[in-house]
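In what follows, a structure is listed as structure tokens, so that the remarks can point back to it.
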Amino acid sequence: MDDLPYSRLVECYEAMVKTSKRTELTDALVSLYGRTPAELLGKMTYLNQGKLYPDYMGVEVGVGEKLAERAISTATGLGIQTIRELYRKLGDMGSAAEEAAKSRRQESLFREELTVSAVYDTLDRMAKSSGKGSVEARLDLLAGLMGSASPTEAKYIVRTALGKLRLGVADYTVLDALAITFAGGKEARADLERAYNLCSDLGEVAKAVARAGLKSIRSFKISVGRPVRPMLAERLSSAREIVEKLGGECSAEYKYDGERMQVHKDGGVVTIFSRRLEKITGNYPDAVKLVGSSVGARRAILECEAVAVDPGSGDLLPFQQLMHRRRKHGVQEAAARIPISLFFFDILMHEGKDMTVRPYSERRLRLESAVAEGEGIRLAPALRTASPDAIEGFMQRAIEVGCEGLVVKDLKSRYRAGARAFSWIKLKREYRSELTDSTDLVIVGAFHGRGRRAGVYGAYLLAAYDKPDDTFRSVTKVGTGFSDEDLAGLSRRLDGYRMAHPSPRLVSKMQADVWFQPAVVIEVVASELTLSPIHTAALDRIRPGAGLALRFPKFTGKVREDKSPEDATTVEELVGMYGAQLKKIG
Ligand code: AMP
């Protein structure tokens, strides 16, 4: 195999550290690529950025400062103290290694010339060594490399091993250099960038363009196992602006507030990447299972948002509830305590077919056929419309079920990997009304429980008292905050108030499974008051067609025995609270 002396690479690095000009960095890379044998292109591309693999593989050499000191000491014969002093003086372990190597008493006469692949492969072995004895193994490998290195080479080897090469070679600089070297000039940069966005692997792009030129890059395809850089959304502040921008009919989707997942399915193997393209498969064993049971395709790439769910009521929980999934330990236990639901919103590959080049409307249809909805698996609800009012109404519903707002999508747009563009437009609320007080609300209906709550009521429909009317008007459905004893006790107590139909004093658009005479009052807290097309408290008072609702409601544990239903929080009070706390967001 053709190889390149590591000294050539290092010469180039020496030039690169002296400049911060992007053009000079690019020129240096161009001359390097011009001399690099084909087999080395991938490895060299990673090395120049101080890595061994693309970021999504999450591979580190695994050398810390202590280990580096010991390796330098072993290779040069200098004591650890001397090396620490050098490090303190120079402020960089690579420079300390260089100085130490210079003062090495005896330069070995038959020093073997280091090659790029020898350096890469040794670092790679260090990265792959694990378990008992791996620290010593890494030490031997690093000391061995340094034993064959010139002082300047030693400097860069140590920096690379520590993960601190820092030549300032950004992704776009590499893409420029590849375009100039292999694709006839900088104009080809956009094509290369597209390929990069589809595979997140610069080494792969380098090999592909060197092998078959621009043509192969233009037909670059996504593949299972390599994360696609995610498409991002722009933002506008009203439904009207969005409809205008998208030129009429568009598709509004609920915007869930959880963790974005790119799911790759290859036969029985499921891999999950985060929005930043880290592998998070291990944090979500439950998501892996859900995908296995609901995605029939053998080879597919899909995108979804994972949202924490209250295990009893099935209510969506705020985003913070997912944070415990970021821990290293106790993931299984966390998954059991707070389950998730996956809401799918895009499909990038289906049975090996690249869907990123197909328009949204076609991808959505494909998504609908590829995902079997069930417990824990849903598609993000979508509304096709050209009406700003319909979008506003849809948004209120989204907010009420715990979403952040909407993402409105251009029906004709392909999946634009890595791009933030007006093909997806976020619509969030402009105002927010925090709810600081608790409320006392009347139980007027109930919903059958599921899962752990089968056999008892899983959630209740609550109402506020409308004094002028002497009616009860619905404000929320609550299923969170109840212990098993609370639920059993409430079920028993409510049995005496069951009715075959809604109470004549109840005004509700929502259908409950069971109705009650207004009698039992409970205390509930919530994150805020929102406008709702579903609930009837203060209907039409603040906005036509909308009432007020509680968002993220939670039972405090208190049944207000002391209150009659007419003593419950009134509609008037809710309107007051809404106005008092209304604040512009952002
Ligand atoms: P932002 O991060 O504010 O730019 O908003 C875009 C994010 O919303 C995406 O990265 C997804 O994580 C999330 N999201 C939730 N629901 C959807 C949806 N239906 N379509 C697209 N993105 C969504």
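For the structure tokens, the naming scheme is as follows: chains receive sequential letters (A, B, ...) according to their order of presentation, residues are indexed from 1 within each chain, and ligands are indexed from 1 in presentation order.
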Site check for ligand 1: residues at most 10 Å away, only C-alpha atoms and all ligand atoms, as a VMD selection string: chain A and resid 230 to 235 251 to 262 274 to 276 303 to 307 343 to 346 379 to 382 403 to 409 420 424 to 428
Could you turn the residues from that selection into a file that holds N, CA and C atoms, as a short mmCIF file (atom, residue, chain, number, x, y, z; two decimals), in the first residue's frame?
data_model
loop_
_atom_site.label_atom_id
_atom_site.label_comp_id
_atom_site.auth_asym_id
_atom_site.auth_seq_id
_atom_site.Cartn_x
_atom_site.Cartn_y
_atom_site.Cartn_z
N PRO A 230 -29.57 16.85 10.36
CA PRO A 230 -31.01 17.11 10.39
C PRO A 230 -31.42 18.40 9.68
N MET A 231 -32.61 18.33 9.11
CA MET A 231 -33.23 19.53 8.53
C MET A 231 -33.78 20.36 9.69
N LEU A 232 -33.62 21.68 9.59
CA LEU A 232 -34.03 22.55 10.69
C LEU A 232 -35.11 23.52 10.23
N ALA A 233 -35.73 24.17 11.19
CA ALA A 233 -36.87 25.03 10.87
C ALA A 233 -36.51 26.51 11.04
N GLU A 234 -37.08 27.33 10.19
CA GLU A 234 -37.04 28.78 10.37
C GLU A 234 -38.22 29.16 11.25
N ARG A 235 -38.40 30.45 11.49
CA ARG A 235 -39.46 30.83 12.41
C ARG A 235 -40.17 32.08 11.91
N SER A 251 -48.75 22.09 5.29
CA SER A 251 -49.10 21.08 6.29
C SER A 251 -48.60 21.50 7.65
N ALA A 252 -49.54 21.72 8.57
CA ALA A 252 -49.16 22.11 9.94
C ALA A 252 -49.07 20.85 10.78
N GLU A 253 -47.97 20.71 11.50
CA GLU A 253 -47.79 19.54 12.37
C GLU A 253 -47.57 19.99 13.80
N TYR A 254 -48.05 19.19 14.75
CA TYR A 254 -47.76 19.46 16.15
C TYR A 254 -46.24 19.47 16.34
N LYS A 255 -45.76 20.44 17.11
CA LYS A 255 -44.34 20.47 17.45
C LYS A 255 -44.16 19.97 18.87
N TYR A 256 -43.71 18.75 18.99
CA TYR A 256 -43.52 18.14 20.30
C TYR A 256 -42.26 18.65 20.96
N ASP A 257 -42.29 18.70 22.27
CA ASP A 257 -41.16 19.23 23.01
C ASP A 257 -40.48 18.09 23.75
N GLY A 258 -39.59 17.41 23.05
CA GLY A 258 -38.90 16.28 23.67
C GLY A 258 -37.50 16.20 23.13
N GLU A 259 -37.07 15.02 22.78
CA GLU A 259 -35.74 14.85 22.19
C GLU A 259 -35.89 14.32 20.77
N ARG A 260 -35.24 15.02 19.84
CA ARG A 260 -35.31 14.58 18.45
C ARG A 260 -34.49 13.31 18.28
N MET A 261 -35.03 12.37 17.52
CA MET A 261 -34.32 11.12 17.26
C MET A 261 -34.30 10.83 15.78
N GLN A 262 -33.13 10.42 15.29
CA GLN A 262 -33.08 9.89 13.94
C GLN A 262 -32.87 8.38 14.11
N SER A 274 -28.94 11.35 18.08
CA SER A 274 -29.55 12.57 18.60
C SER A 274 -29.50 13.65 17.53
N ARG A 275 -30.08 14.79 17.85
CA ARG A 275 -30.05 15.91 16.92
C ARG A 275 -28.61 16.31 16.61
N ARG A 276 -27.71 16.16 17.60
CA ARG A 276 -26.30 16.48 17.36
C ARG A 276 -25.52 15.28 16.86
N GLU A 303 -37.52 9.93 11.34
CA GLU A 303 -37.29 10.90 12.40
C GLU A 303 -38.53 11.03 13.26
N CYS A 304 -38.25 11.14 14.57
CA CYS A 304 -39.36 11.33 15.50
C CYS A 304 -38.90 12.18 16.66
N GLU A 305 -39.86 12.59 17.46
CA GLU A 305 -39.57 13.28 18.70
C GLU A 305 -40.00 12.33 19.82
N ALA A 306 -39.11 12.10 20.78
CA ALA A 306 -39.44 11.26 21.93
C ALA A 306 -39.90 12.16 23.06
N VAL A 307 -41.05 11.87 23.63
CA VAL A 307 -41.61 12.72 24.67
C VAL A 307 -41.92 11.87 25.90
N PHE A 343 -43.21 10.29 18.48
CA PHE A 343 -44.08 10.94 17.51
C PHE A 343 -43.30 11.12 16.21
N PHE A 344 -43.63 10.33 15.21
CA PHE A 344 -42.86 10.35 13.97
C PHE A 344 -43.29 11.50 13.07
N PHE A 345 -42.31 12.15 12.45
CA PHE A 345 -42.68 13.24 11.55
C PHE A 345 -41.97 13.20 10.19
N ASP A 346 -41.02 12.29 9.99
CA ASP A 346 -40.44 12.25 8.64
C ASP A 346 -39.82 10.89 8.36
N LEU A 379 -47.97 9.15 14.80
CA LEU A 379 -47.45 10.14 13.86
C LEU A 379 -47.80 11.51 14.43
N ALA A 380 -46.95 12.50 14.18
CA ALA A 380 -47.30 13.85 14.59
C ALA A 380 -48.56 14.23 13.82
N PRO A 381 -49.64 14.66 14.51
CA PRO A 381 -50.85 15.04 13.80
C PRO A 381 -50.54 16.15 12.79
N ALA A 382 -51.14 16.05 11.61
CA ALA A 382 -50.87 17.03 10.56
C ALA A 382 -52.17 17.54 9.99
N CYS A 403 -47.76 20.38 23.58
CA CYS A 403 -46.77 20.70 22.55
C CYS A 403 -46.31 22.15 22.69
N GLU A 404 -45.23 22.44 21.95
CA GLU A 404 -44.67 23.79 22.00
C GLU A 404 -45.34 24.73 21.03
N GLY A 405 -45.96 24.18 20.02
CA GLY A 405 -46.55 24.97 18.95
C GLY A 405 -46.65 24.09 17.73
N LEU A 406 -46.36 24.66 16.56
CA LEU A 406 -46.45 23.89 15.32
C LEU A 406 -45.18 24.02 14.50
N VAL A 407 -44.95 23.04 13.62
CA VAL A 407 -43.99 23.22 12.54
C VAL A 407 -44.82 23.12 11.26
N VAL A 408 -44.81 24.20 10.47
CA VAL A 408 -45.62 24.21 9.26
C VAL A 408 -44.71 23.92 8.07
N LYS A 409 -45.12 22.99 7.23
CA LYS A 409 -44.20 22.48 6.22
C LYS A 409 -44.67 22.71 4.79
N ARG A 420 -31.26 25.06 7.50
CA ARG A 420 -32.33 25.76 8.18
C ARG A 420 -32.97 26.64 7.12
N TRP A 424 -39.57 24.48 6.40
CA TRP A 424 -40.20 24.16 7.68
C TRP A 424 -40.22 25.46 8.47
N ILE A 425 -41.39 25.83 8.95
CA ILE A 425 -41.47 27.08 9.69
C ILE A 425 -42.13 26.85 11.05
N LYS A 426 -41.43 27.28 12.09
CA LYS A 426 -41.95 27.12 13.45
C LYS A 426 -42.97 28.21 13.75
N LEU A 427 -44.02 27.81 14.44
CA LEU A 427 -44.95 28.79 14.96
C LEU A 427 -45.09 28.51 16.45
N LYS A 428 -44.58 29.43 17.24
CA LYS A 428 -44.75 29.25 18.69
C LYS A 428 -45.67 30.35 19.18
#
Residues within 12 Å of Asp484 (chain A), only C-alpha atoms, excluding chain neighbours under 2 positions, as a PyMOL selection string: chain A and resi 311-313+449+452-458+479-482+486-491+557
Take the residues just selected and output them with C-alpha atoms as an mmCIF file, in the first residue's frame.
data_model
loop_
_atom_site.group_PDB
_atom_site.id
_atom_site.type_symbol
_atom_site.label_atom_id
_atom_site.label_comp_id
_atom_site.auth_asym_id
_atom_site.auth_seq_id
_atom_site.Cartn_x
_atom_site.Cartn_y
_atom_site.Cartn_z
ATOM 1 C CA PRO A 311 -47.358 6.373 33.086
ATOM 2 C CA GLY A 312 -50.874 6.412 34.473
ATOM 3 C CA SER A 313 -52.780 8.982 32.476
ATOM 4 C CA GLY A 449 -57.588 4.199 32.906
ATOM 5 C CA ARG A 452 -51.333 0.461 35.357
ATOM 6 C CA ARG A 453 -54.651 2.214 35.842
ATOM 7 C CA ALA A 454 -56.898 -0.266 34.093
ATOM 8 C CA GLY A 455 -59.987 -0.804 36.247
ATOM 9 C CA VAL A 456 -60.026 2.666 37.813
ATOM 10 C CA TYR A 457 -60.501 6.080 36.240
ATOM 11 C CA GLY A 458 -57.227 7.259 34.734
ATOM 12 C CA GLY A 479 -54.407 12.508 35.052
ATOM 13 C CA THR A 480 -51.148 13.429 36.747
ATOM 14 C CA GLY A 481 -50.353 13.634 40.455
ATOM 15 C CA PHE A 482 -52.713 10.865 41.646
ATOM 16 C CA ASP A 486 -56.105 8.652 45.498
ATOM 17 C CA LEU A 487 -57.587 7.044 42.422
ATOM 18 C CA ALA A 488 -59.243 4.210 44.287
ATOM 19 C CA GLY A 489 -60.666 6.600 46.894
ATOM 20 C CA LEU A 490 -61.984 9.037 44.316
ATOM 21 C CA SER A 491 -63.561 6.253 42.254
ATOM 22 C CA GLY A 557 -53.335 15.444 46.626
#
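In this model, the gap between CA of Arg226 (chain A) and CA of Arg378 (chain A) comes to 24.6 Å.
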Non-local contacts of Gly147 (chain A) (10 Å; only C-alpha atoms; under 5 positions in same chain excluded) as an mmCIF file with N, CA, C and O atoms, in the first residue's frame:
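Contents of around-v9.cif, freshly written:
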data_model
loop_
_atom_site.group_PDB
_atom_site.id
_atom_site.type_symbol
_atom_site.label_atom_id
_atom_site.label_comp_id
_atom_site.auth_asym_id
_atom_site.auth_seq_id
_atom_site.Cartn_x
_atom_site.Cartn_y
_atom_site.Cartn_z
ATOM 1 N N ALA A 71 4.188 8.501 29.153
ATOM 2 C CA ALA A 71 4.685 8.024 27.854
ATOM 3 C C ALA A 71 5.890 8.846 27.407
ATOM 4 O O ALA A 71 6.880 8.304 26.891
ATOM 5 N N ILE A 72 5.815 10.158 27.640
ATOM 6 C CA ILE A 72 6.942 11.021 27.242
ATOM 7 C C ILE A 72 8.186 10.632 28.059
ATOM 8 O O ILE A 72 9.285 10.524 27.531
ATOM 9 N N THR A 74 8.842 7.710 29.469
ATOM 10 C CA THR A 74 9.359 6.422 29.011
ATOM 11 C C THR A 74 10.152 6.575 27.710
ATOM 12 O O THR A 74 11.227 6.008 27.545
ATOM 13 N N ALA A 75 9.618 7.384 26.799
ATOM 14 C CA ALA A 75 10.254 7.490 25.480
ATOM 15 C C ALA A 75 11.546 8.303 25.513
ATOM 16 O O ALA A 75 12.444 8.072 24.714
ATOM 17 N N THR A 76 11.655 9.260 26.448
ATOM 18 C CA THR A 76 12.816 10.152 26.425
ATOM 19 C C THR A 76 13.812 9.867 27.541
ATOM 20 O O THR A 76 14.924 10.400 27.530
ATOM 21 N N ALA A 101 11.787 15.561 23.747
ATOM 22 C CA ALA A 101 12.403 14.735 22.698
ATOM 23 C C ALA A 101 13.702 15.356 22.205
ATOM 24 O O ALA A 101 14.651 14.660 21.852
ATOM 25 N N GLU A 107 19.894 10.265 20.250
ATOM 26 C CA GLU A 107 18.982 10.106 19.118
ATOM 27 C C GLU A 107 19.287 8.720 18.537
ATOM 28 O O GLU A 107 20.433 8.412 18.235
ATOM 29 N N SER A 108 18.262 7.881 18.455
ATOM 30 C CA SER A 108 18.594 6.529 17.972
ATOM 31 C C SER A 108 19.013 6.611 16.503
ATOM 32 O O SER A 108 18.430 7.333 15.703
ATOM 33 N N ARG A 111 16.504 5.208 13.521
ATOM 34 C CA ARG A 111 15.102 5.521 13.730
ATOM 35 C C ARG A 111 14.326 5.219 12.447
ATOM 36 O O ARG A 111 14.673 5.695 11.366
ATOM 37 N N GLU A 112 13.276 4.432 12.623
ATOM 38 C CA GLU A 112 12.468 4.087 11.464
ATOM 39 C C GLU A 112 11.595 5.281 11.110
ATOM 40 O O GLU A 112 11.076 5.934 12.009
ATOM 41 N N LEU A 141 1.980 1.750 23.650
ATOM 42 C CA LEU A 141 1.809 2.131 22.237
ATOM 43 C C LEU A 141 2.250 3.584 22.011
ATOM 44 O O LEU A 141 2.952 3.889 21.040
ATOM 45 N N LEU A 142 1.857 4.462 22.926
ATOM 46 C CA LEU A 142 2.194 5.876 22.750
ATOM 47 C C LEU A 142 3.707 6.083 22.902
ATOM 48 O O LEU A 142 4.337 6.784 22.101
ATOM 49 N N ALA A 154 6.679 14.282 17.521
ATOM 50 C CA ALA A 154 6.220 13.943 18.878
ATOM 51 C C ALA A 154 5.178 14.953 19.356
ATOM 52 O O ALA A 154 4.173 14.604 19.978
#
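What separates CA of Tyr465 (chain A) from CA of Asp310 (chain A) is a distance of 27.7 Å.
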Non-local contacts of region 221-224 of chain A (12 Å; only C-alpha atoms; under 2 positions in same chain excluded) as a PyMOL selection string: chain A and resi 194-201+204-205+208+216-219+226-229+262-267+269-273+298-302+348-357+415+417
Backbone DSSP call of helix (DSSP H, G or I) for region 77-230 of chain A, listed as a PyMOL selection string: chain A and resi 80-90+93-102+116-128+134-147+151-162+171-182+186-199+202-218
Who sits within 7 Å of region 438-447 of chain A, only C-alpha atoms, same chain under 5 positions skipped, as a ChimeraX atom specification: /A:457-464,512-525,565,568-569
Residue with smallest distance to Ala143 (chain A) - pool A:Val243, A:Ala68, A:Leu582, A:Val575, counting only C-alpha atoms: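 Among the listed residues, A:Ala68 lies closest to Ala143 (chain A).
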Close residues, Thr122 (chain A) itself excluded, 12 Å, only C-alpha atoms, min 3 positions apart in chain, as a list in words: Leu52, Val61, Leu114, Thr115, Val116, Ser117, Ala118, Val119, Arg125, Met126, Ala127, Lys128, Ser129, Ala137, Arg138, Leu139, Asp140, Leu141, Leu142, Ala143, Gly144, Leu145, Met146, Ile157, Thr160 and Ala161 of chain A
Would you save the residues of that selection, restricted to N, CA and C atoms, as a short mmCIF file (atom, residue, chain, number, x, y, z; two decimals), in the first residue's frame?
data_model
loop_
_atom_site.label_atom_id
_atom_site.label_comp_id
_atom_site.auth_asym_id
_atom_site.auth_seq_id
_atom_site.Cartn_x
_atom_site.Cartn_y
_atom_site.Cartn_z
N LEU A 52 -10.07 10.25 14.70
CA LEU A 52 -9.78 8.99 13.99
C LEU A 52 -10.98 8.54 13.17
N VAL A 61 -9.23 8.59 21.55
CA VAL A 61 -8.02 7.78 21.72
C VAL A 61 -7.91 7.28 23.16
N LEU A 114 8.47 7.28 10.45
CA LEU A 114 7.05 7.07 10.73
C LEU A 114 6.22 7.40 9.50
N THR A 115 5.21 6.57 9.26
CA THR A 115 4.31 6.88 8.15
C THR A 115 2.96 7.29 8.72
N VAL A 116 2.15 7.92 7.87
CA VAL A 116 0.82 8.36 8.31
C VAL A 116 0.00 7.15 8.76
N SER A 117 0.06 6.06 7.99
CA SER A 117 -0.77 4.94 8.43
C SER A 117 -0.25 4.30 9.70
N ALA A 118 1.07 4.30 9.90
CA ALA A 118 1.58 3.73 11.16
C ALA A 118 1.07 4.55 12.34
N VAL A 119 1.10 5.87 12.21
CA VAL A 119 0.62 6.72 13.30
C VAL A 119 -0.88 6.50 13.52
N ARG A 125 -5.32 1.59 17.57
CA ARG A 125 -5.21 0.47 18.52
C ARG A 125 -5.37 0.97 19.95
N MET A 126 -4.83 2.16 20.19
CA MET A 126 -5.00 2.74 21.53
C MET A 126 -6.48 2.97 21.83
N ALA A 127 -7.17 3.51 20.86
CA ALA A 127 -8.60 3.81 21.04
C ALA A 127 -9.38 2.53 21.29
N LYS A 128 -8.96 1.45 20.64
CA LYS A 128 -9.74 0.21 20.73
C LYS A 128 -9.38 -0.65 21.93
N SER A 129 -8.25 -0.33 22.58
CA SER A 129 -7.89 -1.18 23.72
C SER A 129 -8.83 -0.85 24.88
N ALA A 137 -1.40 -0.79 28.09
CA ALA A 137 -1.28 -1.04 26.65
C ALA A 137 -1.19 0.29 25.90
N ARG A 138 -2.02 1.25 26.29
CA ARG A 138 -1.99 2.55 25.62
C ARG A 138 -0.66 3.25 25.87
N LEU A 139 -0.19 3.11 27.11
CA LEU A 139 1.10 3.72 27.46
C LEU A 139 2.21 3.18 26.56
N ASP A 140 2.27 1.86 26.43
CA ASP A 140 3.31 1.24 25.59
C ASP A 140 3.21 1.71 24.15
N LEU A 141 1.98 1.75 23.65
CA LEU A 141 1.81 2.13 22.24
C LEU A 141 2.25 3.58 22.01
N LEU A 142 1.86 4.46 22.93
CA LEU A 142 2.19 5.88 22.75
C LEU A 142 3.71 6.08 22.90
N ALA A 143 4.30 5.45 23.92
CA ALA A 143 5.74 5.58 24.13
C ALA A 143 6.48 5.02 22.91
N GLY A 144 5.97 3.94 22.36
CA GLY A 144 6.60 3.33 21.18
C GLY A 144 6.59 4.28 20.00
N LEU A 145 5.43 4.91 19.79
CA LEU A 145 5.32 5.87 18.67
C LEU A 145 6.32 7.01 18.85
N MET A 146 6.35 7.52 20.09
CA MET A 146 7.25 8.66 20.35
C MET A 146 8.70 8.28 20.21
N ILE A 157 1.88 14.16 17.63
CA ILE A 157 1.33 12.86 18.07
C ILE A 157 0.67 13.02 19.44
N THR A 160 -2.57 14.98 19.20
CA THR A 160 -3.64 14.18 18.61
C THR A 160 -4.15 13.16 19.63
N ALA A 161 -3.22 12.51 20.32
CA ALA A 161 -3.63 11.49 21.29
C ALA A 161 -4.49 12.09 22.40
#
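Nearest residue to Val295 (chain A), choosing from A:Lys558, A:Arg366, A:His535, A:Arg429 and counting only C-alpha atoms: A:Arg366.
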Length of the CA of Glu136 (chain A) to CA of Gly62 (chain A) vector [Å]: 11.9 Å
Nearest residue to Leu342 (chain A) from the set A:Ser294, A:Ser237, A:Gln81, A:Ser433 (distances using only C-alpha atoms):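 Closest candidate: A:Ser294.
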